[in-house]
>>> print(open('start-v4.tsv').read())   # TSV, C-alpha atoms
chain	number	residue	atom	x	y	z
A	1	MET	CA	-54.59	152.80	118.60
A	2	SER	CA	-57.21	151.05	116.51
A	3	ALA	CA	-58.72	152.72	113.47
A	4	THR	CA	-62.21	152.35	114.94
A	5	ARG	CA	-61.25	154.25	118.06
A	6	GLU	CA	-59.58	157.01	116.04
A	7	ALA	CA	-62.26	157.30	113.36
A	8	PHE	CA	-65.43	156.75	115.39
A	9	VAL	CA	-65.10	156.47	119.16
A	10	LEU	CA	-62.98	159.50	120.03
A	11	PRO	CA	-64.53	162.08	117.63
A	12	LEU	CA	-68.10	161.05	118.50
A	13	LEU	CA	-67.31	161.02	122.20
A	14	PHE	CA	-65.70	164.48	122.14
A	15	LEU	CA	-68.52	165.88	119.97
A	16	THR	CA	-71.06	164.53	122.45
A	17	VAL	CA	-69.15	166.25	125.25
A	18	THR	CA	-69.19	169.49	123.23
A	19	LEU	CA	-72.95	169.19	122.91
A	20	LEU	CA	-73.66	168.21	126.53
A	21	ALA	CA	-71.34	170.79	128.03
A	22	GLY	CA	-72.86	173.54	125.91
A	23	VAL	CA	-76.40	172.99	127.17
A	24	ARG	CA	-77.56	175.60	129.67
A	25	VAL	CA	-80.73	174.47	131.37
A	26	GLY	CA	-82.64	177.42	132.81
A	27	ALA	CA	-86.05	178.91	132.15
A	28	ALA	CA	-85.30	178.00	128.53
A	29	VAL	CA	-82.79	175.56	127.12
A	30	ALA	CA	-79.91	177.27	125.37
A	31	LEU	CA	-76.68	176.14	123.76
A	32	GLU	CA	-73.82	178.49	124.57
A	33	PRO	CA	-70.50	178.44	122.74
A	34	PRO	CA	-67.35	178.68	124.89
A	35	SER	CA	-66.12	182.12	125.89
A	36	LEU	CA	-62.81	183.48	124.62
A	37	PHE	CA	-61.20	182.75	127.99
A	38	ALA	CA	-62.47	179.18	127.85
A	39	LEU	CA	-60.69	178.81	124.50
A	40	VAL	CA	-57.48	180.02	126.16
A	41	LEU	CA	-57.98	177.49	128.96
A	42	GLY	CA	-58.73	174.83	126.34
A	43	THR	CA	-55.42	175.60	124.65
A	44	LEU	CA	-53.60	175.26	127.98
A	45	LEU	CA	-55.36	171.97	128.59
A	46	LEU	CA	-54.32	170.67	125.17
A	47	GLY	CA	-50.74	171.79	125.83
A	48	THR	CA	-50.79	170.05	129.20
A	49	LEU	CA	-52.02	166.81	127.64
A	50	VAL	CA	-49.21	166.93	125.08
A	51	ARG	CA	-46.47	167.86	127.56
A	52	SER	CA	-47.45	165.09	129.97
A	53	GLY	CA	-47.51	162.48	127.23
A	54	ALA	CA	-51.23	161.79	127.64
A	55	LEU	CA	-51.59	162.82	124.01
A	56	ALA	CA	-49.04	162.14	121.31
A	57	PRO	CA	-50.00	164.35	118.36
A	58	ALA	CA	-47.52	162.50	116.12
A	59	ARG	CA	-49.67	159.38	116.49
A	60	LEU	CA	-52.62	161.33	115.08
A	61	LEU	CA	-50.97	163.58	112.50
A	62	HIS	CA	-47.80	162.51	110.73
A	63	GLY	CA	-46.41	162.66	107.21
A	64	ALA	CA	-45.93	158.89	107.17
A	65	ARG	CA	-49.61	158.20	107.80
A	66	PRO	CA	-52.16	157.89	104.98
A	67	MET	CA	-54.33	160.92	104.24
A	68	ALA	CA	-57.51	159.39	105.64
A	69	ALA	CA	-55.72	158.54	108.88
A	70	ASN	CA	-54.41	162.09	109.17
A	71	ALA	CA	-57.91	163.45	108.53
A	72	ASN	CA	-59.24	161.27	111.36
A	73	GLY	CA	-56.39	162.44	113.58
A	74	ALA	CA	-57.13	166.08	112.81
A	75	VAL	CA	-60.80	165.57	113.68
A	76	VAL	CA	-59.78	164.01	117.00
A	77	LEU	CA	-57.52	166.96	117.83
A	78	VAL	CA	-60.11	169.60	116.85
A	79	THR	CA	-62.94	167.90	118.74
A	80	LEU	CA	-60.67	167.37	121.76
A	81	PHE	CA	-59.86	171.08	121.83
A	82	LEU	CA	-63.50	172.15	121.42
A	83	SER	CA	-64.81	169.74	124.02
A	84	GLY	CA	-62.07	170.74	126.49
A	85	ALA	CA	-62.90	174.42	126.06
A	86	GLN	CA	-66.60	173.70	126.37
A	87	VAL	CA	-66.14	171.64	129.56
A	88	LEU	CA	-64.07	174.42	131.12
A	89	ALA	CA	-66.71	176.99	130.09
A	90	MET	CA	-69.41	174.80	131.61
A	91	LEU	CA	-67.54	174.56	134.92
A	92	THR	CA	-67.03	178.31	135.19
A	93	PRO	CA	-69.72	180.22	137.12
A	94	ARG	CA	-71.60	182.70	134.98
A	95	SER	CA	-71.25	185.96	136.85
A	96	GLY	CA	-69.81	187.90	139.76
A	97	LEU	CA	-66.80	187.12	141.89
A	98	PRO	CA	-67.05	183.30	141.43
A	99	LEU	CA	-66.58	183.79	137.68
A	100	PHE	CA	-63.40	185.79	138.26
A	101	PHE	CA	-61.93	183.53	140.92
A	102	VAL	CA	-62.71	180.25	139.15
A	103	ASP	CA	-61.23	181.59	135.91
A	104	VAL	CA	-58.04	182.58	137.77
A	105	PHE	CA	-58.04	179.25	139.66
A	106	LEU	CA	-58.34	177.21	136.47
A	107	PHE	CA	-55.76	179.31	134.63
A	108	VAL	CA	-53.16	179.06	137.38
A	109	LEU	CA	-53.84	175.39	137.97
A	110	LEU	CA	-53.53	174.45	134.30
A	111	LEU	CA	-50.44	176.62	133.87
A	112	ASN	CA	-48.88	175.03	136.93
A	113	THR	CA	-49.69	171.55	135.61
A	114	LEU	CA	-48.24	172.47	132.22
A	115	VAL	CA	-44.97	173.59	133.80
A	116	ALA	CA	-44.77	170.75	136.33
A	117	GLN	CA	-45.07	168.24	133.46
A	118	PRO	CA	-46.60	165.34	135.38
A	119	ASP	CA	-46.76	161.92	133.75
A	120	ARG	CA	-49.94	160.71	132.05
A	121	VAL	CA	-51.50	158.93	135.02
A	122	ARG	CA	-50.85	161.79	137.43
A	123	LEU	CA	-52.24	164.28	134.94
A	124	LEU	CA	-55.43	162.29	134.51
A	125	ARG	CA	-55.87	162.11	138.27
A	126	SER	CA	-55.13	165.83	138.59
A	127	LEU	CA	-57.69	166.69	135.90
A	128	ALA	CA	-60.31	164.51	137.59
A	129	VAL	CA	-59.72	166.43	140.83
A	130	ILE	CA	-59.79	169.85	139.10
A	131	PHE	CA	-63.00	169.09	137.20
A	132	GLY	CA	-64.61	167.40	140.19
A	133	SER	CA	-63.89	170.35	142.51
A	134	ALA	CA	-65.16	172.86	139.96
A	135	LEU	CA	-68.30	170.75	139.50
A	136	VAL	CA	-68.98	170.65	143.22
A	137	LEU	CA	-68.29	174.38	143.58
A	138	LYS	CA	-70.62	175.44	140.76
A	139	PHE	CA	-73.37	172.84	140.78
A	140	VAL	CA	-73.55	172.08	144.51
A	141	VAL	CA	-72.20	174.98	146.58
A	142	LEU	CA	-73.06	177.99	144.42
A	143	ALA	CA	-76.31	176.38	143.20
A	144	SER	CA	-77.51	175.87	146.78
A	145	LEU	CA	-76.61	179.49	147.63
A	146	SER	CA	-78.61	180.71	144.65
A	147	SER	CA	-81.54	178.33	144.86
A	148	PRO	CA	-84.89	180.14	144.96
A	149	GLY	CA	-86.68	177.12	146.48
A	150	GLY	CA	-86.46	175.62	149.94
A	151	SER	CA	-88.01	176.61	153.22
A	152	ARG	CA	-88.77	180.17	154.27
A	153	THR	CA	-85.71	180.15	156.56
A	154	THR	CA	-83.48	179.05	153.69
A	155	ARG	CA	-84.86	181.80	151.47
A	156	VAL	CA	-84.28	184.40	154.18
A	157	LEU	CA	-80.70	183.18	154.72
A	158	VAL	CA	-80.04	183.21	150.98
A	159	ALA	CA	-81.46	186.74	150.71
A	160	LEU	CA	-79.31	187.90	153.67
A	161	PHE	CA	-76.21	186.29	152.16
A	162	ASP	CA	-76.97	187.93	148.82
A	163	ALA	CA	-77.36	191.33	150.50
A	164	ALA	CA	-74.19	190.89	152.57
A	165	THR	CA	-72.14	190.08	149.48
A	166	PHE	CA	-73.78	192.85	147.39
A	167	GLY	CA	-75.12	190.19	145.02
A	168	THR	CA	-71.61	189.30	143.86
A	169	ILE	CA	-71.77	185.62	144.81
A	170	ALA	CA	-75.28	184.51	143.91
A	171	GLN	CA	-75.73	182.97	140.47
A	172	GLU	CA	-78.72	182.47	138.23
A	173	PRO	CA	-80.80	179.57	139.60
A	174	GLN	CA	-80.22	176.25	137.82
A	175	THR	CA	-82.41	173.25	137.40
A	176	SER	CA	-81.23	170.00	138.99
A	177	GLY	CA	-80.71	168.51	135.51
A	178	ALA	CA	-77.84	170.90	134.85
A	179	GLY	CA	-75.63	169.19	137.43
A	180	TYR	CA	-76.33	165.74	136.06
A	181	LEU	CA	-75.55	166.91	132.52
A	182	ALA	CA	-72.29	168.43	133.73
A	183	PHE	CA	-71.37	165.22	135.55
A	184	ALA	CA	-72.02	163.16	132.41
A	185	ALA	CA	-70.02	165.57	130.26
A	186	ILE	CA	-67.03	165.44	132.63
A	187	ALA	CA	-67.15	161.65	132.90
A	188	LEU	CA	-67.23	161.29	129.11
A	189	PHE	CA	-64.45	163.82	128.67
A	190	LEU	CA	-62.19	162.09	131.18
A	191	ALA	CA	-62.90	158.74	129.50
A	192	GLY	CA	-62.05	160.33	126.16
A	193	ILE	CA	-58.72	161.77	127.26
A	194	ALA	CA	-57.82	158.47	128.93
A	195	ALA	CA	-58.38	156.79	125.56
A	196	LEU	CA	-56.17	159.21	123.61
A	197	PRO	CA	-53.02	157.83	121.98
A	198	SER	CA	-50.31	158.47	124.54
A	199	ALA	CA	-46.61	159.07	124.07
A	200	ARG	CA	-45.77	155.82	125.82
A	201	PRO	CA	-47.92	152.98	124.58
A	202	TYR	CA	-49.09	150.55	127.24
A	203	THR	CA	-46.65	147.72	127.80
A	204	GLU	CA	-45.79	145.48	130.67
A	205	SER	CA	-42.98	147.83	131.61
A	206	THR	CA	-45.20	150.94	131.67
A	207	ALA	CA	-48.06	149.33	133.55
A	208	LEU	CA	-48.80	150.60	137.04
A	209	GLN	CA	-46.83	148.53	139.52
A	210	PRO	CA	-47.57	148.19	143.21
A	211	SER	CA	-45.27	150.31	145.38
A	212	PRO	CA	-42.26	148.41	146.68
A	213	PRO	CA	-42.40	147.69	150.40
A	214	ARG	CA	-40.48	150.18	152.50
B	215	MET	CA	-64.35	146.26	106.72
B	216	ARG	CA	-61.17	147.57	105.10
B	217	GLU	CA	-59.34	150.26	107.05
B	218	PRO	CA	-59.57	153.08	104.45
B	219	THR	CA	-63.34	152.50	104.18
B	220	LEU	CA	-63.66	152.47	107.95
B	221	ARG	CA	-61.71	155.71	108.24
B	222	ALA	CA	-63.75	157.39	105.49
B	223	ALA	CA	-66.99	156.30	107.15
B	224	GLY	CA	-65.74	157.60	110.50
B	225	LEU	CA	-64.79	160.93	108.95
B	226	ALA	CA	-68.19	161.30	107.27
B	227	THR	CA	-70.03	160.39	110.48
B	228	SER	CA	-67.97	162.82	112.54
B	229	LEU	CA	-68.50	165.66	110.07
B	230	ALA	CA	-72.24	165.00	109.90
B	231	TYR	CA	-72.47	164.93	113.71
B	232	ALA	CA	-70.41	168.13	113.95
B	233	ALA	CA	-72.69	169.81	111.38
B	234	ALA	CA	-75.75	168.76	113.38
B	235	ILE	CA	-74.24	170.20	116.57
B	236	ALA	CA	-73.33	173.43	114.76
B	237	TRP	CA	-76.92	173.63	113.50
B	238	LEU	CA	-78.22	173.18	117.06
B	239	TYR	CA	-75.93	175.96	118.31
B	240	THR	CA	-77.10	178.26	115.51
B	241	THR	CA	-80.84	177.66	115.69
B	242	GLN	CA	-81.20	177.08	119.46
B	243	PRO	CA	-84.27	174.81	119.34
B	244	GLN	CA	-86.32	174.79	122.55
B	245	ASN	CA	-88.00	171.39	122.37
B	246	VAL	CA	-87.73	168.00	120.73
B	247	ALA	CA	-90.35	168.92	118.10
B	248	GLN	CA	-88.20	171.81	116.94
B	249	VAL	CA	-85.14	169.58	116.73
B	250	THR	CA	-86.85	166.82	114.76
B	251	GLY	CA	-88.77	169.30	112.60
B	252	GLY	CA	-85.59	171.22	111.88
B	253	PHE	CA	-83.75	168.13	110.72
B	254	ALA	CA	-86.82	167.03	108.73
B	255	SER	CA	-87.00	170.38	106.97
B	256	ILE	CA	-83.27	170.21	106.13
B	257	VAL	CA	-83.87	166.95	104.25
B	258	GLY	CA	-87.13	168.31	102.82
B	259	VAL	CA	-89.64	165.98	104.48
B	260	TYR	CA	-91.19	168.42	106.97
B	261	LYS	CA	-94.93	168.94	106.48
B	262	VAL	CA	-97.55	171.08	108.17
B	263	GLU	CA	-100.45	169.13	109.69
B	264	PRO	CA	-103.33	170.18	107.35
B	265	GLN	CA	-106.21	169.53	109.76
B	266	ALA	CA	-104.65	171.59	112.55
B	267	PHE	CA	-103.86	174.37	110.06
B	268	ALA	CA	-107.49	174.41	108.87
B	269	ASP	CA	-108.64	174.57	112.51
B	270	GLY	CA	-106.26	177.44	113.11
B	271	LEU	CA	-107.63	179.41	110.16
B	272	ARG	CA	-111.21	178.77	111.29
B	273	PHE	CA	-110.46	180.08	114.79
B	274	PHE	CA	-108.54	183.02	113.31
B	275	ARG	CA	-111.50	184.09	111.17
B	276	ALA	CA	-113.80	183.74	114.18
B	277	ASN	CA	-111.53	186.13	116.18
B	278	GLN	CA	-110.60	183.34	118.62
B	279	PHE	CA	-106.94	184.17	118.62
B	280	PRO	CA	-105.49	182.09	121.49
B	281	GLU	CA	-107.34	179.05	120.09
B	282	ALA	CA	-106.04	179.88	116.62
B	283	ARG	CA	-102.46	180.06	117.90
B	284	ALA	CA	-102.79	176.76	119.71
B	285	ALA	CA	-104.03	175.07	116.52
B	286	LEU	CA	-101.40	176.77	114.34
B	287	LEU	CA	-98.59	175.76	116.67
B	288	ARG	CA	-99.94	172.22	116.58
B	289	ALA	CA	-99.89	172.38	112.80
B	290	ASP	CA	-96.28	173.59	112.77
B	291	PRO	CA	-94.70	172.29	116.00
B	292	ALA	CA	-91.16	172.89	114.78
B	293	GLU	CA	-91.97	176.48	113.69
B	294	ARG	CA	-90.49	175.82	110.28
B	295	ASP	CA	-93.34	176.94	108.00
B	296	ALA	CA	-93.36	180.58	106.90
B	297	GLN	CA	-97.09	180.78	106.15
B	298	VAL	CA	-98.12	179.33	109.51
B	299	GLN	CA	-95.77	181.69	111.33
B	300	PHE	CA	-97.28	184.57	109.34
B	301	TYR	CA	-100.73	183.65	110.63
B	302	VAL	CA	-99.38	183.28	114.17
B	303	ALA	CA	-97.99	186.82	113.91
B	304	TYR	CA	-101.31	188.02	112.51
B	305	THR	CA	-103.18	186.57	115.49
B	306	PHE	CA	-100.92	188.58	117.80
B	307	TYR	CA	-101.58	191.71	115.72
B	308	ARG	CA	-105.35	191.32	115.70
B	309	GLU	CA	-105.55	190.37	119.37
B	310	GLY	CA	-103.22	193.16	120.44
B	311	TRP	CA	-104.73	195.90	118.29
B	312	GLY	CA	-106.79	198.47	120.19
B	313	ARG	CA	-108.67	201.59	119.26
B	314	LEU	CA	-107.07	203.57	122.08
B	315	TYR	CA	-103.82	201.68	122.56
B	316	ASN	CA	-102.14	198.48	121.42
B	317	ASP	CA	-100.97	195.66	123.65
B	318	ASP	CA	-97.20	196.01	123.38
B	319	ALA	CA	-96.50	192.54	124.76
B	320	LEU	CA	-98.64	190.85	122.09
B	321	PHE	CA	-97.21	193.07	119.35
B	322	ALA	CA	-93.68	192.17	120.48
B	323	LYS	CA	-94.55	188.47	120.23
B	324	GLY	CA	-96.04	189.18	116.80
B	325	LEU	CA	-92.78	190.78	115.71
B	326	VAL	CA	-90.85	187.70	116.79
B	327	ALA	CA	-93.24	185.46	114.84
B	328	VAL	CA	-93.21	187.60	111.69
B	329	ASP	CA	-89.41	187.80	111.78
B	330	LYS	CA	-89.39	184.01	111.95
B	331	ALA	CA	-91.76	183.87	108.97
B	332	ILE	CA	-89.55	186.24	106.95
B	333	ALA	CA	-86.46	184.23	107.83
B	334	LEU	CA	-88.16	181.02	106.66
B	335	ALA	CA	-89.57	182.44	103.41
B	336	PRO	CA	-87.55	182.00	100.21
B	337	ALA	CA	-85.41	185.14	99.79
B	338	GLY	CA	-87.30	186.64	102.73
B	339	ARG	CA	-90.37	187.42	100.58
B	340	LEU	CA	-93.69	186.13	101.86
B	341	VAL	CA	-97.07	186.96	100.32
B	342	VAL	CA	-100.22	185.22	101.57
B	343	ASP	CA	-103.19	185.18	99.25
B	344	ASP	CA	-106.09	185.36	101.71
B	345	ALA	CA	-109.12	187.60	101.08
B	346	ASP	CA	-109.81	187.82	104.81
B	347	LEU	CA	-106.58	189.71	105.41
B	348	GLN	CA	-105.88	193.35	104.67
B	349	MET	CA	-102.14	192.90	104.86
B	350	HIS	CA	-100.96	190.19	102.53
B	351	SER	CA	-97.21	190.46	102.83
B	352	ALA	CA	-95.00	189.79	105.84
B	353	ASP	CA	-93.31	193.15	105.23
B	354	GLU	CA	-96.60	195.04	105.70
B	355	LEU	CA	-97.43	193.06	108.81
B	356	ARG	CA	-93.97	193.63	110.25
B	357	ALA	CA	-94.16	197.38	109.61
B	358	GLU	CA	-97.61	197.55	111.23
B	359	LEU	CA	-96.41	195.65	114.30
B	360	GLN	CA	-93.30	197.81	114.48
B	361	ARG	CA	-95.44	200.99	114.31
B	362	GLY	CA	-97.58	199.56	117.09
B	363	VAL	CA	-94.69	199.19	119.54
B	364	THR	CA	-93.04	202.51	118.63
B	365	ARG	CA	-93.82	205.49	120.86
B	366	ASP	CA	-94.29	208.72	118.90
B	367	ALA	CA	-96.56	211.78	118.64
B	368	SER	CA	-99.13	209.92	116.52
B	369	ASP	CA	-99.99	207.83	119.59
B	370	PHE	CA	-101.67	210.92	121.05
B	371	ASN	CA	-103.65	211.80	117.90
B	372	PRO	CA	-107.36	211.69	118.91
B	373	LEU	CA	-108.28	210.67	115.35
B	374	ARG	CA	-106.64	207.37	116.13
B	375	VAL	CA	-109.95	206.13	117.57
B	376	PHE	CA	-111.34	206.09	114.01
B	377	GLY	CA	-108.58	203.76	112.85
B	378	THR	CA	-109.49	200.26	111.72
B	379	ARG	CA	-107.94	196.94	112.43
B	380	LYS	CA	-106.39	195.42	109.33
>>> encode(input="start-v4.tsv", output="structure tokens")
Amino acid sequence: MSATREAFVLPLLFLTVTLLAGVRVGAAVALEPPSLFALVLGTLLLGTLVRSGALAPARLLHGARPMAANANGAVVLVTLFLSGAQVLAMLTPRSGLPLFFVDVFLFVLLLNTLVAQPDRVRLLRSLAVIFGSALVLKFVVLASLSSPGGSRTTRVLVALFDAATFGTIAQEPQTSGAGYLAFAAIALFLAGIAALPSARPYTESTALQPSPPR
Amino acid sequence: MREPTLRAAGLATSLAYAAAIAWLYTTQPQNVAQVTGGFASIVGVYKVEPQAFADGLRFFRANQFPEARAALLRADPAERDAQVQFYVAYTFYREGWGRLYNDDALFAKGLVAVDKAIALAPAGRLVVDDADLQMHSADELRAELQRGVTRDASDFNPLRVFGTRK
């Protein structure tokens, strides 16, 4: 990995993700730190990246490396952890049953991925699917169920749904910008983890090959 | 560029960016003016707009409190000046004060503003030398606003109607 990527690109990218994913756009703009559970999920995510070989910590922190290189590596690891936790916190609904179920869903999914130990490419695909589904669930499905706008019929249906579920599903209304911010944060995060130093450096032999004909 | 220099520059940039993000999380600015003003005040180049401040004081002395607040907030868009925030709190006090009852909503906003002023003042001590005011320190103003929003037996004292606005 080049020094520029390790010293500038990755830390700045992960810090930007930490900032974007922390923004909560509502009646007022607020920056929310990750919850304790998001930190636990962030730790699982970091463990999964290491186990799958998508991240080789020894290529960031090692006794044989110069001190400045190790300092850069430590910054990459810390910012990766913080941004991962913040992305997971951003994708978690804020209240009610969706909060509980999405937390359980993410925990089980990350734990399962950690144990299954997929290779780097499969892990990256799996994370894209996990983050994408959580994004759709929170910023499309739940947001539309909690939207105060729309026609009178929509508002009546939303009110009926809210009453039928005892208010356990509906979330605080969000502005449309929140979804776009979340999308940008996820895209940057996935780009960042794809650019991490992996356990198996890219060579001709490790490149993706077309499947052999059956 | 040599690699050690590049790495040191990267480290410094990352730490500065992380510090800026930590500052944003701590101060929770609500608009771009507060962000830019906050960073400007950190490096010591933030200044209150003198003309808008003078307008604010003129409106304040003429008992035009919403106009005064608009001018004062224009003078200090980032809400980083203790004296301006003191006057903003004072406008809420004077507008909310009543002979029979106080406007709790305005007093609550005044408390927020005076707390901001105290937080911005060096060592939390703020004294404004203005002959038009009867309360010169932020502590007095805060206590008066706090008394205004507190419900107690003195609220039902009929002699309250002889009280004066400070």
>>> interface_residues(input="start-v4.tsv", of="chain B", to="chain A", cutoff="10 Å", atoms="all atoms listed in the file", output="PyMOL selection string")
chain B and resi 217-229+231-232+234-236+238-245
>>> atom_distance(input="start-v4.tsv", atom1="atom CA of A:Met90", atom2="atom CA of A:Leu123")
20.4 Å
>>> closest_residue(input="start-v4.tsv", among="B:Ala230, B:Ala367, B:Pro291, B:Ala284", to="B:Gly251", atoms="all atoms listed in the file")
B:Pro291
>>> closest_residue(input="start-v4.tsv", among="A:Ala58, A:Val78, A:Ala85, A:Ala182", to="A:Ala38", atoms="only C-alpha atoms")
A:Ala85
>>> residues_around(input="start-v4.tsv", residues="B:Gly258", least_positions_apart="6", cutoff="12 Å", atoms="all atoms listed in the file", output="JSON, numbers by chain")
{"B": [251, 252, 294, 295]}
>>> residues_around(input="start-v4.tsv", residues="B:Ala331", least_positions_apart="3", cutoff="7 Å", atoms="only C-alpha atoms", output="list in words")
Ala296, Gln297, Gln299, Phe300, Ala327, Val328, Leu334 and Ala335 of chain B
>>> atom_distance(input="start-v4.tsv", atom1="atom CA of B:Gly377", atom2="atom CA of B:Arg272")
25.2 Å
>>> atom_distance(input="start-v4.tsv", atom1="atom CA of B:Thr305", atom2="atom CA of B:Gly362")
14.2 Å
>>> closest_residue(input="start-v4.tsv", among="A:Leu77, A:Leu190, A:Ala143, A:Val104", to="A:Gly177", atoms="all atoms listed in the file")
A:Ala143
>>> closest_residue(input="start-v4.tsv", among="A:Leu160, A:Leu82, A:Ala178, A:Ala187", to="A:Gly26", atoms="only C-alpha atoms")
A:Ala178
>>> residues_near_point(input="start-v4.tsv", point="(-94.2, 193.9, 103.7)", cutoff="12 Å", atoms="only C-alpha atoms", output="number ranges by chain")
B: 300, 328-329, 331-332, 338-342, 348-360
>>> residues_around(input="start-v4.tsv", residues="A:Ala134", least_positions_apart="5", cutoff="10 Å", atoms="only C-alpha atoms", output="ChimeraX atom specification")
/A:88,90-93,102,105-106,128-129,139-141
>>> write_last_selection(input="start-v4.tsv", atoms="C-alpha atoms", output="compact mmCIF listing (two decimals), keeping the file's coordinate frame")
# COMPACT_ATOMS: atom_id res chain seq x y z
CA LEU A 88 -64.07 174.42 131.12
CA MET A 90 -69.41 174.80 131.61
CA LEU A 91 -67.54 174.56 134.92
CA THR A 92 -67.03 178.31 135.19
CA PRO A 93 -69.72 180.22 137.12
CA VAL A 102 -62.71 180.25 139.15
CA PHE A 105 -58.04 179.25 139.66
CA LEU A 106 -58.34 177.21 136.47
CA ALA A 128 -60.31 164.51 137.59
CA VAL A 129 -59.72 166.43 140.83
CA PHE A 139 -73.37 172.84 140.78
CA VAL A 140 -73.55 172.08 144.51
CA VAL A 141 -72.20 174.98 146.58
>>> closest_residue(input="start-v4.tsv", among="B:Pro280, B:Gly270, B:Gly310, B:Pro372", to="B:Leu325", atoms="only C-alpha atoms")
B:Gly310
>>> closest_residue(input="start-v4.tsv", among="A:Gly96, A:Gly132, A:Pro118, A:Gly179", to="A:Thr165", atoms="only C-alpha atoms")
A:Gly96
>>> decode(input="start-v4.tsv", residues="stretch 263-312 of chain B", atoms="C-alpha atoms", output="PDB file, in the first residue's frame")
ATOM      1  CA  GLU B 263     -20.167  43.242  13.131  1.00  0.00           C
ATOM      2  CA  PRO B 264     -20.066  46.708  14.818  1.00  0.00           C
ATOM      3  CA  GLN B 265     -22.840  48.345  12.774  1.00  0.00           C
ATOM      4  CA  ALA B 266     -25.314  45.539  13.444  1.00  0.00           C
ATOM      5  CA  PHE B 267     -24.366  45.585  17.140  1.00  0.00           C
ATOM      6  CA  ALA B 268     -25.000  49.341  17.314  1.00  0.00           C
ATOM      7  CA  ASP B 269     -28.376  48.821  15.601  1.00  0.00           C
ATOM      8  CA  GLY B 270     -29.193  46.118  18.112  1.00  0.00           C
ATOM      9  CA  LEU B 271     -28.417  48.383  21.061  1.00  0.00           C
ATOM     10  CA  ARG B 272     -30.504  51.196  19.555  1.00  0.00           C
ATOM     11  CA  PHE B 273     -33.511  48.895  19.139  1.00  0.00           C
ATOM     12  CA  PHE B 274     -32.942  47.477  22.628  1.00  0.00           C
ATOM     13  CA  ARG B 275     -33.048  50.925  24.227  1.00  0.00           C
ATOM     14  CA  ALA B 276     -36.184  51.761  22.233  1.00  0.00           C
ATOM     15  CA  ASN B 277     -37.895  48.612  23.645  1.00  0.00           C
ATOM     16  CA  GLN B 278     -38.076  47.045  20.169  1.00  0.00           C
ATOM     17  CA  PHE B 279     -36.927  43.662  21.323  1.00  0.00           C
ATOM     18  CA  PRO B 280     -37.546  41.363  18.315  1.00  0.00           C
ATOM     19  CA  GLU B 281     -35.812  43.957  16.107  1.00  0.00           C
ATOM     20  CA  ALA B 282     -32.969  44.160  18.614  1.00  0.00           C
ATOM     21  CA  ARG B 283     -32.536  40.388  18.587  1.00  0.00           C
ATOM     22  CA  ALA B 284     -32.517  40.274  14.804  1.00  0.00           C
ATOM     23  CA  ALA B 285     -29.764  42.919  14.691  1.00  0.00           C
ATOM     24  CA  LEU B 286     -27.780  41.297  17.506  1.00  0.00           C
ATOM     25  CA  LEU B 287     -27.915  37.887  15.856  1.00  0.00           C
ATOM     26  CA  ARG B 288     -26.747  39.527  12.640  1.00  0.00           C
ATOM     27  CA  ALA B 289     -23.874  41.065  14.572  1.00  0.00           C
ATOM     28  CA  ASP B 290     -22.902  37.705  16.062  1.00  0.00           C
ATOM     29  CA  PRO B 291     -24.116  35.055  13.595  1.00  0.00           C
ATOM     30  CA  ALA B 292     -21.964  32.318  15.100  1.00  0.00           C
ATOM     31  CA  GLU B 293     -23.160  33.121  18.655  1.00  0.00           C
ATOM     32  CA  ARG B 294     -19.581  33.308  19.859  1.00  0.00           C
ATOM     33  CA  ASP B 295     -19.557  36.718  21.581  1.00  0.00           C
ATOM     34  CA  ALA B 296     -20.438  36.806  25.281  1.00  0.00           C
ATOM     35  CA  GLN B 297     -21.524  40.458  25.371  1.00  0.00           C
ATOM     36  CA  VAL B 298     -23.869  40.116  22.402  1.00  0.00           C
ATOM     37  CA  GLN B 299     -25.396  36.976  23.884  1.00  0.00           C
ATOM     38  CA  PHE B 300     -25.861  38.866  27.163  1.00  0.00           C
ATOM     39  CA  TYR B 301     -27.876  41.524  25.347  1.00  0.00           C
ATOM     40  CA  VAL B 302     -29.874  38.846  23.519  1.00  0.00           C
ATOM     41  CA  ALA B 303     -30.760  37.316  26.896  1.00  0.00           C
ATOM     42  CA  TYR B 304     -31.643  40.773  28.224  1.00  0.00           C
ATOM     43  CA  THR B 305     -34.052  41.347  25.336  1.00  0.00           C
ATOM     44  CA  PHE B 306     -35.831  38.114  26.264  1.00  0.00           C
ATOM     45  CA  TYR B 307     -35.988  39.253  29.905  1.00  0.00           C
ATOM     46  CA  ARG B 308     -37.379  42.695  29.135  1.00  0.00           C
ATOM     47  CA  GLU B 309     -39.850  41.424  26.547  1.00  0.00           C
ATOM     48  CA  GLY B 310     -41.015  38.574  28.760  1.00  0.00           C
ATOM     49  CA  TRP B 311     -41.287  40.542  31.990  1.00  0.00           C
ATOM     50  CA  GLY B 312     -44.838  41.304  33.103  1.00  0.00           C
TER      51      GLY B 312
END
